[in-house]
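Quick look at structure03.tsv (TSV, C-alpha atoms):
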chain	number	residue	atom	x	y	z
A	1	MET	CA	-45.09	11.44	5.25
A	2	PRO	CA	-42.44	8.67	5.28
A	3	ILE	CA	-39.47	9.20	7.54
A	4	ALA	CA	-36.00	8.02	6.56
A	5	ARG	CA	-33.70	7.00	9.37
A	6	GLY	CA	-30.13	5.86	9.15
A	7	SER	CA	-26.88	5.74	10.98
A	8	GLY	CA	-23.84	7.84	10.30
A	9	PRO	CA	-20.21	6.80	10.45
A	10	ARG	CA	-19.47	5.07	13.74
A	11	THR	CA	-15.75	4.35	13.50
A	12	ALA	CA	-12.76	6.53	12.72
A	13	ALA	CA	-12.21	4.60	9.47
A	14	GLN	CA	-15.81	5.22	8.38
A	15	ARG	CA	-15.55	8.94	9.20
A	16	GLN	CA	-12.29	9.13	7.21
A	17	GLU	CA	-13.89	7.32	4.24
A	18	CYS	CA	-16.83	9.77	4.29
A	19	ALA	CA	-14.46	12.72	4.32
A	20	ARG	CA	-12.56	11.27	1.33
A	21	SER	CA	-15.38	10.06	-0.92
A	22	GLY	CA	-18.51	11.72	0.45
A	23	PRO	CA	-21.27	10.11	2.49
A	24	SER	CA	-22.53	6.85	1.05
A	25	PRO	CA	-24.35	3.98	2.76
A	26	THR	CA	-21.71	1.56	1.49
A	27	ASN	CA	-19.08	3.53	3.41
A	28	PHE	CA	-20.79	2.38	6.58
A	29	GLY	CA	-20.68	-1.28	5.64
A	30	HIS	CA	-24.37	-1.43	4.67
A	31	ASP	CA	-25.46	-3.49	1.69
A	32	GLY	CA	-29.02	-2.26	1.40
A	33	ALA	CA	-31.91	-0.40	2.97
A	34	LEU	CA	-35.11	-1.43	4.69
A	35	ALA	CA	-38.32	0.15	3.44
A	36	GLN	CA	-41.58	0.12	5.35
A	37	LYS	CA	-45.06	0.66	3.94
A	38	SER	CA	-45.99	4.26	4.61
A	39	THR	CA	-49.73	3.52	4.90
A	40	ARG	CA	-49.46	2.44	8.52
A	41	LEU	CA	-46.98	1.97	11.32
A	42	ARG	CA	-45.86	-1.49	12.35
A	43	THR	CA	-46.58	-2.63	15.88
A	44	ASP	CA	-44.22	-4.86	17.81
A	45	ALA	CA	-46.73	-7.70	17.62
A	46	GLU	CA	-46.70	-7.75	13.81
A	47	SER	CA	-44.18	-9.58	11.69
A	48	SER	CA	-41.68	-7.21	10.10
A	49	ARG	CA	-41.85	-9.28	6.90
A	50	GLN	CA	-45.42	-8.18	6.27
A	51	ASN	CA	-44.64	-4.49	5.99
A	52	ARG	CA	-40.94	-4.24	5.22
A	53	ARG	CA	-38.82	-4.88	2.17
A	54	LYS	CA	-35.04	-4.86	1.81
A	55	ALA	CA	-33.49	-3.20	-1.23
A	56	LYS	CA	-29.90	-4.13	-2.05
A	57	TRP	CA	-27.39	-1.62	-3.35
A	58	LEU	CA	-25.64	-3.06	-6.37
A	59	ASN	CA	-22.33	-2.17	-7.94
A	60	ARG	CA	-22.04	-1.78	-11.70
A	61	GLN	CA	-18.85	-2.28	-13.67
A	62	GLU	CA	-17.51	-3.59	-16.96
A	63	PHE	CA	-15.50	-6.80	-17.30
A	64	VAL	CA	-13.67	-8.57	-20.11
A	65	ILE	CA	-15.33	-11.76	-21.37
A	66	VAL	CA	-12.66	-14.49	-21.23
A	67	GLY	CA	-14.85	-17.51	-21.97
A	68	TRP	CA	-18.17	-19.27	-21.48
A	69	SER	CA	-19.39	-22.47	-19.91
A	70	ASP	CA	-21.60	-25.12	-21.49
A	71	PRO	CA	-25.35	-24.68	-20.99
A	72	GLU	CA	-27.22	-27.03	-18.67
A	73	GLY	CA	-30.77	-28.32	-18.83
A	74	SER	CA	-32.99	-26.61	-21.38
A	75	ARG	CA	-30.90	-23.43	-21.57
A	76	PRO	CA	-29.60	-22.87	-25.13
A	77	HIS	CA	-26.32	-21.46	-26.51
A	78	LEU	CA	-24.19	-20.96	-23.38
A	79	GLY	CA	-24.31	-21.38	-19.62
A	80	ALA	CA	-22.40	-18.49	-18.08
A	81	LEU	CA	-19.91	-15.91	-19.25
A	82	LEU	CA	-16.48	-16.05	-17.60
A	83	LEU	CA	-15.21	-12.61	-16.67
A	84	GLY	CA	-11.89	-10.92	-16.02
A	85	TYR	CA	-10.16	-7.57	-15.66
A	86	TYR	CA	-6.68	-6.21	-16.35
A	87	THR	CA	-4.22	-5.05	-13.72
A	88	ASP	CA	-2.15	-1.94	-14.30
A	89	GLY	CA	0.72	-4.34	-15.09
A	90	GLY	CA	-1.25	-5.89	-17.97
A	91	LYS	CA	-2.19	-9.19	-16.28
A	92	LEU	CA	-5.66	-10.56	-17.03
A	93	ILE	CA	-7.25	-11.73	-13.75
A	94	TYR	CA	-10.30	-14.01	-13.37
A	95	ALA	CA	-13.23	-12.21	-11.67
A	96	GLY	CA	-15.98	-14.85	-11.75
A	97	ARG	CA	-18.96	-15.58	-13.96
A	98	VAL	CA	-22.38	-14.29	-14.82
A	99	GLY	CA	-25.31	-16.42	-15.95
A	100	THR	CA	-28.37	-14.30	-15.23
A	101	GLY	CA	-29.87	-11.35	-17.08
A	102	MET	CA	-29.59	-12.95	-20.54
A	103	PRO	CA	-32.79	-13.91	-22.38
A	104	VAL	CA	-32.56	-16.47	-25.20
A	105	LYS	CA	-32.14	-13.79	-27.88
A	106	VAL	CA	-29.16	-12.29	-26.00
A	107	LEU	CA	-27.65	-15.76	-25.43
A	108	ALA	CA	-27.83	-16.44	-29.18
A	109	ASP	CA	-26.23	-13.08	-30.02
A	110	LEU	CA	-23.44	-13.60	-27.48
A	111	ARG	CA	-22.69	-17.08	-28.79
A	112	ARG	CA	-22.59	-15.74	-32.37
A	113	ARG	CA	-20.04	-13.11	-31.29
A	114	LEU	CA	-17.98	-15.48	-29.11
A	115	ASP	CA	-17.58	-18.42	-31.55
A	116	PRO	CA	-15.13	-16.57	-33.88
A	117	LEU	CA	-13.03	-15.54	-30.84
A	118	ALA	CA	-12.60	-19.13	-29.56
A	119	ARG	CA	-9.13	-20.30	-28.55
A	120	ASN	CA	-7.73	-23.52	-27.06
A	121	THR	CA	-5.99	-22.05	-24.02
A	122	SER	CA	-7.00	-19.67	-21.25
A	123	PRO	CA	-6.14	-16.00	-21.81
A	124	LEU	CA	-5.88	-15.51	-18.02
A	125	SER	CA	-2.55	-14.83	-16.33
A	126	VAL	CA	-3.42	-17.29	-13.55
A	127	PRO	CA	-5.89	-20.17	-14.00
A	128	PRO	CA	-9.15	-19.74	-12.07
A	129	SER	CA	-9.67	-21.77	-8.92
A	130	ARG	CA	-11.78	-24.88	-9.43
A	131	THR	CA	-13.45	-24.44	-6.05
A	132	THR	CA	-15.29	-21.56	-4.45
A	133	ARG	CA	-17.35	-21.00	-1.32
A	134	PHE	CA	-20.15	-19.64	-3.47
A	135	GLY	CA	-21.78	-21.38	-6.41
A	136	SER	CA	-20.83	-24.55	-8.23
A	137	PRO	CA	-17.18	-25.31	-9.03
A	138	LEU	CA	-15.73	-24.36	-12.40
A	139	ILE	CA	-15.28	-27.52	-14.52
A	140	PRO	CA	-12.45	-26.98	-17.05
A	141	SER	CA	-13.85	-29.55	-19.53
A	142	ARG	CA	-17.07	-27.48	-19.77
A	143	VAL	CA	-15.27	-24.16	-20.38
A	144	HIS	CA	-14.62	-22.55	-23.76
A	145	TRP	CA	-11.96	-19.83	-23.79
A	146	VAL	CA	-12.02	-16.79	-26.07
A	147	GLU	CA	-9.71	-13.98	-27.10
A	148	PRO	CA	-10.31	-11.15	-24.59
A	149	LYS	CA	-11.96	-8.69	-26.97
A	150	LEU	CA	-15.55	-8.24	-25.76
A	151	VAL	CA	-16.48	-6.12	-22.73
A	152	ALA	CA	-19.66	-6.76	-20.73
A	153	GLU	CA	-21.33	-4.50	-18.21
A	154	ILE	CA	-22.32	-6.37	-15.05
A	155	THR	CA	-24.12	-5.52	-11.83
A	156	TYR	CA	-22.94	-7.33	-8.72
A	157	LEU	CA	-23.42	-7.21	-4.98
A	158	THR	CA	-19.83	-7.51	-3.79
A	159	TRP	CA	-16.44	-9.19	-4.12
A	160	THR	CA	-15.63	-12.29	-2.05
A	161	ALA	CA	-12.50	-12.52	0.09
A	162	ASP	CA	-10.93	-14.72	-2.63
A	163	GLY	CA	-11.48	-12.06	-5.31
A	164	LEU	CA	-14.62	-13.32	-7.06
A	165	LEU	CA	-17.84	-11.48	-7.87
A	166	ARG	CA	-21.06	-12.33	-6.00
A	167	HIS	CA	-24.65	-12.05	-7.21
A	168	THR	CA	-23.87	-11.01	-10.77
A	169	VAL	CA	-26.35	-9.95	-13.46
A	170	TYR	CA	-25.52	-9.32	-17.12
A	171	VAL	CA	-26.53	-5.83	-18.31
A	172	GLY	CA	-25.13	-5.72	-21.85
A	173	LEU	CA	-22.07	-5.40	-24.06
A	174	ARG	CA	-19.94	-2.25	-23.94
A	175	GLU	CA	-18.84	-1.63	-27.51
A	176	ASP	CA	-17.46	1.80	-26.59
A	177	LYS	CA	-14.70	0.41	-24.32
A	178	LEU	CA	-11.57	-1.54	-25.25
A	179	ALA	CA	-10.89	-4.71	-23.28
A	180	GLU	CA	-7.38	-3.50	-22.38
A	181	GLU	CA	-8.93	-0.50	-20.57
A	182	VAL	CA	-10.95	-2.63	-18.14
A	183	ARG	CA	-9.66	-2.41	-14.57
A	184	ARG	CA	-11.15	-3.56	-11.28
A	185	ALA	CA	-12.93	-0.61	-9.69
A	186	LEU	CA	-11.63	0.30	-6.28
A	187	VAL	CA	-14.20	-0.11	-3.51
A	188	SER	CA	-13.54	1.29	-0.08
A	189	ALA	CA	-12.21	-1.19	2.47
A	190	SER	CA	-14.86	-0.24	5.02
A	191	ALA	CA	-17.61	-0.98	2.49
A	192	GLU	CA	-16.19	-4.40	1.65
A	193	ARG	CA	-15.68	-5.39	5.31
A	194	GLY	CA	-19.32	-4.92	6.12
A	195	ARG	CA	-20.73	-6.76	3.13
A	196	LEU	CA	-19.94	-10.42	3.71
Written as structure tokens, that's how I'd like the structure from this file.
Amino acid sequence: MPIARGSGPRTAAQRQECARSGPSPTNFGHDGALAQKSTRLRTDAESSRQNRRKAKWLNRQEFVIVGWSDPEGSRPHLGALLLGYYTDGGKLIYAGRVGTGMPVKVLADLRRRLDPLARNTSPLSVPPSRTTRFGSPLIPSRVHWVEPKLVAEITYLTWTADGLLRHTVYVGLREDKLAEEVRRALVSASAERGRL
């Protein structure tokens, strides 16, 4: 029978977070779990890569689509979706982009929906940074802005220190939610500290 082992809250902040929101691995600053084959035990002489796998815990949230980038290579229709969220004060803030999780049929459908929403200027309250520690820089001449009407559901690993999403995957459109209702989900500080 497989045995699950883990660590509990080690710091006062982690214990407080558990008391507030309930025990969760992300409250301890963990971003995943290690799984070992249950058919046999690993010896110290064996490589841990042979028998172990890491599973990442992903966050899931909706974001407003604020634009798209040009496709590159053989990819048709669009490159990546540019994402944002609203603050309680009504400002639309850039959250990053997503380019994975969209087969050709979905790319075509998204482009068909985005073309009528095209606009010449950014809908964002503050222009996005052209540089980032992660991924390629955003090139303004390759960006097409849209009216912030469509909402996409996205999975992501974490937020960077400069407020951008990391390791994003497109899940689908949320036609049941208005763009103006989209807010950045609050993630515990202890969870975010341990993730990057």
*Name all residues at most 10 Å from Glu180 of chain A (count only C-alpha atoms; drop same-chain ones fewer than 4 positions away) and give them as a list of chain:residue names.*
A:Val64, A:Tyr85, A:Tyr86, A:Thr87, A:Asp88, A:Gly90, A:Lys91, A:Leu92, A:Pro148, A:Lys149, A:Val151
Skip Pro116 of chain A itself and residues of its chain fewer than 4 positions away, then list as an mmCIF file with C-alpha atoms, in the frame of the given file all residues within 10 Å of it, counting only C-alpha atoms.
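The resulting selection-v3.cif:
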data_model
loop_
_atom_site.group_PDB
_atom_site.id
_atom_site.type_symbol
_atom_site.label_atom_id
_atom_site.label_comp_id
_atom_site.auth_asym_id
_atom_site.auth_seq_id
_atom_site.Cartn_x
_atom_site.Cartn_y
_atom_site.Cartn_z
ATOM 1 C CA ARG A 111 -22.690 -17.080 -28.790
ATOM 2 C CA ARG A 112 -22.590 -15.740 -32.370
ATOM 3 C CA VAL A 146 -12.020 -16.790 -26.070
ATOM 4 C CA GLU A 147 -9.710 -13.980 -27.100
#
*Option closest in space to Val106 of chain A, from A:Leu78, A:Val143, A:Val66, A:Leu138 [counting all atoms listed in the file]*: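 Among A:Leu78, A:Val143, A:Val66, A:Leu138, it is A:Leu78 that comes nearest to Val106 of chain A.
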*Could you give me, as a ChimeraX atom specification, the residues that have an atom at most 7 Å away from the point (-16.2, -18.0, -11.9) in the coordinates of the file, using only C-alpha atoms?*
/A:82,95-97,138,164
*asked:* Using Å and a single decimal, report how far atom CA of Asp115 of chain A sits from atom CA of Asn59 of chain A.
replied: 29.1 Å
*Pairwise distance for atom CA of Glu62 of chain A and atom CA of Ala80 of chain A, rounded to one decimal in Å*: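 Between atom CA of Glu62 of chain A and atom CA of Ala80 of chain A the gap works out to 15.7 Å.
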